[in-house]
Amino acid sequence: MKRLVKCAMALCVIAAGSLAQAAVWTTIDHPSAGPDGTYPMGISGSNIVGYYIGDGIGQRGFVYNGSTFTTIEAPAPAAFTWASGIDGENIIGYYATPTSPTTSITRGFLLNGATFTTLECTLPGAVETLPTGIDGANIVGLYYDQAGYPHGFLYDGTTYVALDDPVGGGATLQGISGSQIVGSSYARAFVYDGSVFQELAPPQASLQRTVASGIDGSNIVGYYDTFGSNDNPPAFQRNGFIFDGSAYRTLNHPIAGPLGMTQPSDIDGNRVIGSYRGADGNFHGFITVVPEPAAMWLFSVAIPVMIRSARNRVAPPARQVAENRS
């Protein structure tokens, strides 16, 4: 029986290793991006939206269908455009319009086909509007007040509702799936179900920063920072994570540099998008297919079943036990 248990445990280890190695990573680089990189921000089906930073041209939005990049630019006089979320045919984002040679104001947008609609938060004190996540008719994001502090909002196509973390003050909302909203404040990352804020705290994270950036069903992605205590000045690494409602798994790009940053931004099914900094110091986009932990669950269930089966096979009949004791 010991041999059987050892074999089962070995199979678990092999399964865990194969799951870790099975994640498939694909780099996404916009052909016009400079060293500052490509940043996928939202995914829906086969389409990914985000932005890239080009040398001398600043930020430009894009939609990528797996083979072709299409540029997204807000109408003039917008200077820069960021695409931040997608759901079906609807794309959201924000753009900056110059107000002077040194200042600008940021407004949101909703793009459906060729129809471009400006989104401006109507909540008291709102100065700038940055939509970040969309699910159906509902859009979440953040607005900045006159003092420059971020606050969360939920917009249903008609009404803006303020949504701030009661613990951290303010909020940066970044993803929505059904009634679940993820985001972060100055104090923590969280998921909000319409009534309760649940803190998200990967066990490896330092107290510096944790961000929840995307959600699909019960799966949440985000990132956290860790610091090297022996470094002077302290060096930090940005690590991605995925949370399935009960357990956290680290999600780091395998070719990120020594101080590589892996920053997941959204999830759709088992596909996660985001950006990473490579060993060359440049920022790149990625899409990865994350294996489900189902195989490990099956093995964890199989072990006790296998052990009970082995015991039943080797246990002597009750009459023989009684005779041996007499």
# chains A, B, ... in the order shown; residues from 1 in each chain; ligands from 1
>>> residues_around(residues="Arg271 of chain A", least_positions_apart="4", cutoff="7 Å", atoms="only C-alpha atoms", output="list in words")
Ile267, Ile287, Thr288, Val289 and Val290 of chain A
>>> write_last_selection(atoms="C-alpha atoms", output="mmCIF file, in the first residue's frame")
data_model
loop_
_atom_site.group_PDB
_atom_site.id
_atom_site.type_symbol
_atom_site.label_atom_id
_atom_site.label_comp_id
_atom_site.auth_asym_id
_atom_site.auth_seq_id
_atom_site.Cartn_x
_atom_site.Cartn_y
_atom_site.Cartn_z
ATOM 1 C CA ILE A 267 -9.422 37.520 -18.352
ATOM 2 C CA ILE A 287 -1.920 36.506 -24.058
ATOM 3 C CA THR A 288 -1.675 33.241 -22.148
ATOM 4 C CA VAL A 289 -3.940 30.246 -21.825
ATOM 5 C CA VAL A 290 -4.004 29.251 -18.172
#
>>> residues_around(residues="Gly285 of chain A", least_positions_apart="3", cutoff="6 Å", atoms="only C-alpha atoms", output="VMD selection string")
chain A and resid 27 to 29 38 to 40 274 to 275
>>> select_by_dssp(residues="segment 18-211 of chain A", states="strand (DSSP E)", output="ChimeraX atom specification")
/A:24-28,38-44,47-54,58-64,69-72,80-87,90-98,104-112,115-119,128-135,138-144,150-155,160-162,172-177,180-184,189-192,197-200,210-211
>>> residues_around(residues="Ile48 of chain A", least_positions_apart="5", cutoff="7 Å", atoms="only C-alpha atoms", output="list in words")
Pro40, Gly42, Ile43, Val63, Tyr64 and Asn65 of chain A
>>> closest_residue(among="A:Pro166, A:Gly222, A:Pro101, A:Gly133", to="Val196 of chain A", atoms="only C-alpha atoms")
A:Pro166
>>> closest_residue(among="A:Ile91, A:Ala96, A:Ala137, A:Ala205", to="Ala76 of chain A", atoms="only C-alpha atoms")
A:Ala96
>>> residues_around(residues="segment 257-261 of chain A", least_positions_apart="3", cutoff="7 Å", atoms="only C-alpha atoms", output="PDB file with all heavy atoms, in the first residue's frame")
ATOM      1  N   PHE A 236      11.988  46.174  -6.647  1.00  0.00           N
ATOM      2  CA  PHE A 236      10.720  45.479  -6.568  1.00  0.00           C
ATOM      3  C   PHE A 236      10.463  44.716  -7.851  1.00  0.00           C
ATOM      4  O   PHE A 236      10.999  45.025  -8.913  1.00  0.00           O
ATOM      5  CB  PHE A 236       9.570  46.448  -6.281  1.00  0.00           C
ATOM      6  CG  PHE A 236       8.983  47.105  -7.500  1.00  0.00           C
ATOM      7  CD1 PHE A 236       7.892  46.536  -8.133  1.00  0.00           C
ATOM      8  CD2 PHE A 236       9.515  48.272  -8.000  1.00  0.00           C
ATOM      9  CE1 PHE A 236       7.337  47.141  -9.258  1.00  0.00           C
ATOM     10  CE2 PHE A 236       8.970  48.883  -9.116  1.00  0.00           C
ATOM     11  CZ  PHE A 236       7.881  48.317  -9.753  1.00  0.00           C
ATOM     12  N   GLN A 237       9.640  43.688  -7.718  1.00  0.00           N
ATOM     13  CA  GLN A 237       9.209  42.912  -8.859  1.00  0.00           C
ATOM     14  C   GLN A 237       7.686  42.889  -8.856  1.00  0.00           C
ATOM     15  O   GLN A 237       7.058  42.737  -7.806  1.00  0.00           O
ATOM     16  CB  GLN A 237       9.738  41.487  -8.816  1.00  0.00           C
ATOM     17  CG  GLN A 237       9.306  40.651 -10.020  1.00  0.00           C
ATOM     18  CD  GLN A 237      10.005  39.309 -10.072  1.00  0.00           C
ATOM     19  OE1 GLN A 237      10.866  39.021  -9.252  1.00  0.00           O
ATOM     20  NE2 GLN A 237       9.641  38.490 -11.047  1.00  0.00           N
ATOM     21  N   ARG A 238       7.099  43.050 -10.028  1.00  0.00           N
ATOM     22  CA  ARG A 238       5.642  42.995 -10.151  1.00  0.00           C
ATOM     23  C   ARG A 238       5.247  41.602 -10.612  1.00  0.00           C
ATOM     24  O   ARG A 238       5.703  41.120 -11.646  1.00  0.00           O
ATOM     25  CB  ARG A 238       5.145  44.053 -11.116  1.00  0.00           C
ATOM     26  CG  ARG A 238       3.637  44.061 -11.305  1.00  0.00           C
ATOM     27  CD  ARG A 238       3.164  45.418 -11.769  1.00  0.00           C
ATOM     28  NE  ARG A 238       3.340  46.411 -10.716  1.00  0.00           N
ATOM     29  CZ  ARG A 238       3.245  47.727 -10.906  1.00  0.00           C
ATOM     30  NH1 ARG A 238       3.003  48.195 -12.111  1.00  0.00           N
ATOM     31  NH2 ARG A 238       3.401  48.563  -9.902  1.00  0.00           N
ATOM     32  N   ASN A 239       4.393  40.964  -9.834  1.00  0.00           N
ATOM     33  CA  ASN A 239       3.993  39.590 -10.074  1.00  0.00           C
ATOM     34  C   ASN A 239       2.505  39.522 -10.389  1.00  0.00           C
ATOM     35  O   ASN A 239       1.684  40.151  -9.709  1.00  0.00           O
ATOM     36  CB  ASN A 239       4.264  38.723  -8.838  1.00  0.00           C
ATOM     37  CG  ASN A 239       5.695  38.822  -8.355  1.00  0.00           C
ATOM     38  OD1 ASN A 239       6.558  38.077  -8.781  1.00  0.00           O
ATOM     39  ND2 ASN A 239       5.953  39.771  -7.452  1.00  0.00           N
ATOM     40  N   TYR A 276       4.272  42.657 -19.995  1.00  0.00           N
ATOM     41  CA  TYR A 276       5.442  42.285 -19.201  1.00  0.00           C
ATOM     42  C   TYR A 276       6.646  43.066 -19.698  1.00  0.00           C
ATOM     43  O   TYR A 276       6.667  43.558 -20.834  1.00  0.00           O
ATOM     44  CB  TYR A 276       5.718  40.777 -19.283  1.00  0.00           C
ATOM     45  CG  TYR A 276       6.252  40.308 -20.622  1.00  0.00           C
ATOM     46  CD1 TYR A 276       7.623  40.148 -20.845  1.00  0.00           C
ATOM     47  CD2 TYR A 276       5.386  40.013 -21.671  1.00  0.00           C
ATOM     48  CE1 TYR A 276       8.110  39.721 -22.070  1.00  0.00           C
ATOM     49  CE2 TYR A 276       5.867  39.584 -22.904  1.00  0.00           C
ATOM     50  CZ  TYR A 276       7.229  39.434 -23.090  1.00  0.00           C
ATOM     51  OH  TYR A 276       7.708  39.018 -24.307  1.00  0.00           O
ATOM     52  N   ARG A 277       7.634  43.192 -18.820  1.00  0.00           N
ATOM     53  CA  ARG A 277       8.896  43.813 -19.210  1.00  0.00           C
ATOM     54  C   ARG A 277       9.917  42.714 -19.417  1.00  0.00           C
ATOM     55  O   ARG A 277      10.188  41.911 -18.517  1.00  0.00           O
ATOM     56  CB  ARG A 277       9.388  44.786 -18.139  1.00  0.00           C
ATOM     57  CG  ARG A 277      10.700  45.483 -18.525  1.00  0.00           C
ATOM     58  CD  ARG A 277      11.065  46.567 -17.524  1.00  0.00           C
ATOM     59  NE  ARG A 277      11.246  46.042 -16.190  1.00  0.00           N
ATOM     60  CZ  ARG A 277      11.374  46.785 -15.098  1.00  0.00           C
ATOM     61  NH1 ARG A 277      11.313  48.100 -15.200  1.00  0.00           N
ATOM     62  NH2 ARG A 277      11.531  46.243 -13.913  1.00  0.00           N
ATOM     63  N   GLY A 278      10.481  42.665 -20.605  1.00  0.00           N
ATOM     64  CA  GLY A 278      11.445  41.625 -20.930  1.00  0.00           C
ATOM     65  C   GLY A 278      12.847  41.962 -20.464  1.00  0.00           C
ATOM     66  O   GLY A 278      13.114  43.035 -19.907  1.00  0.00           O
ATOM     67  N   ALA A 279      13.756  41.022 -20.688  1.00  0.00           N
ATOM     68  CA  ALA A 279      15.149  41.227 -20.304  1.00  0.00           C
ATOM     69  C   ALA A 279      15.772  42.397 -21.051  1.00  0.00           C
ATOM     70  O   ALA A 279      16.774  42.965 -20.607  1.00  0.00           O
ATOM     71  CB  ALA A 279      15.948  39.947 -20.552  1.00  0.00           C
TER      72      ALA A 279
END
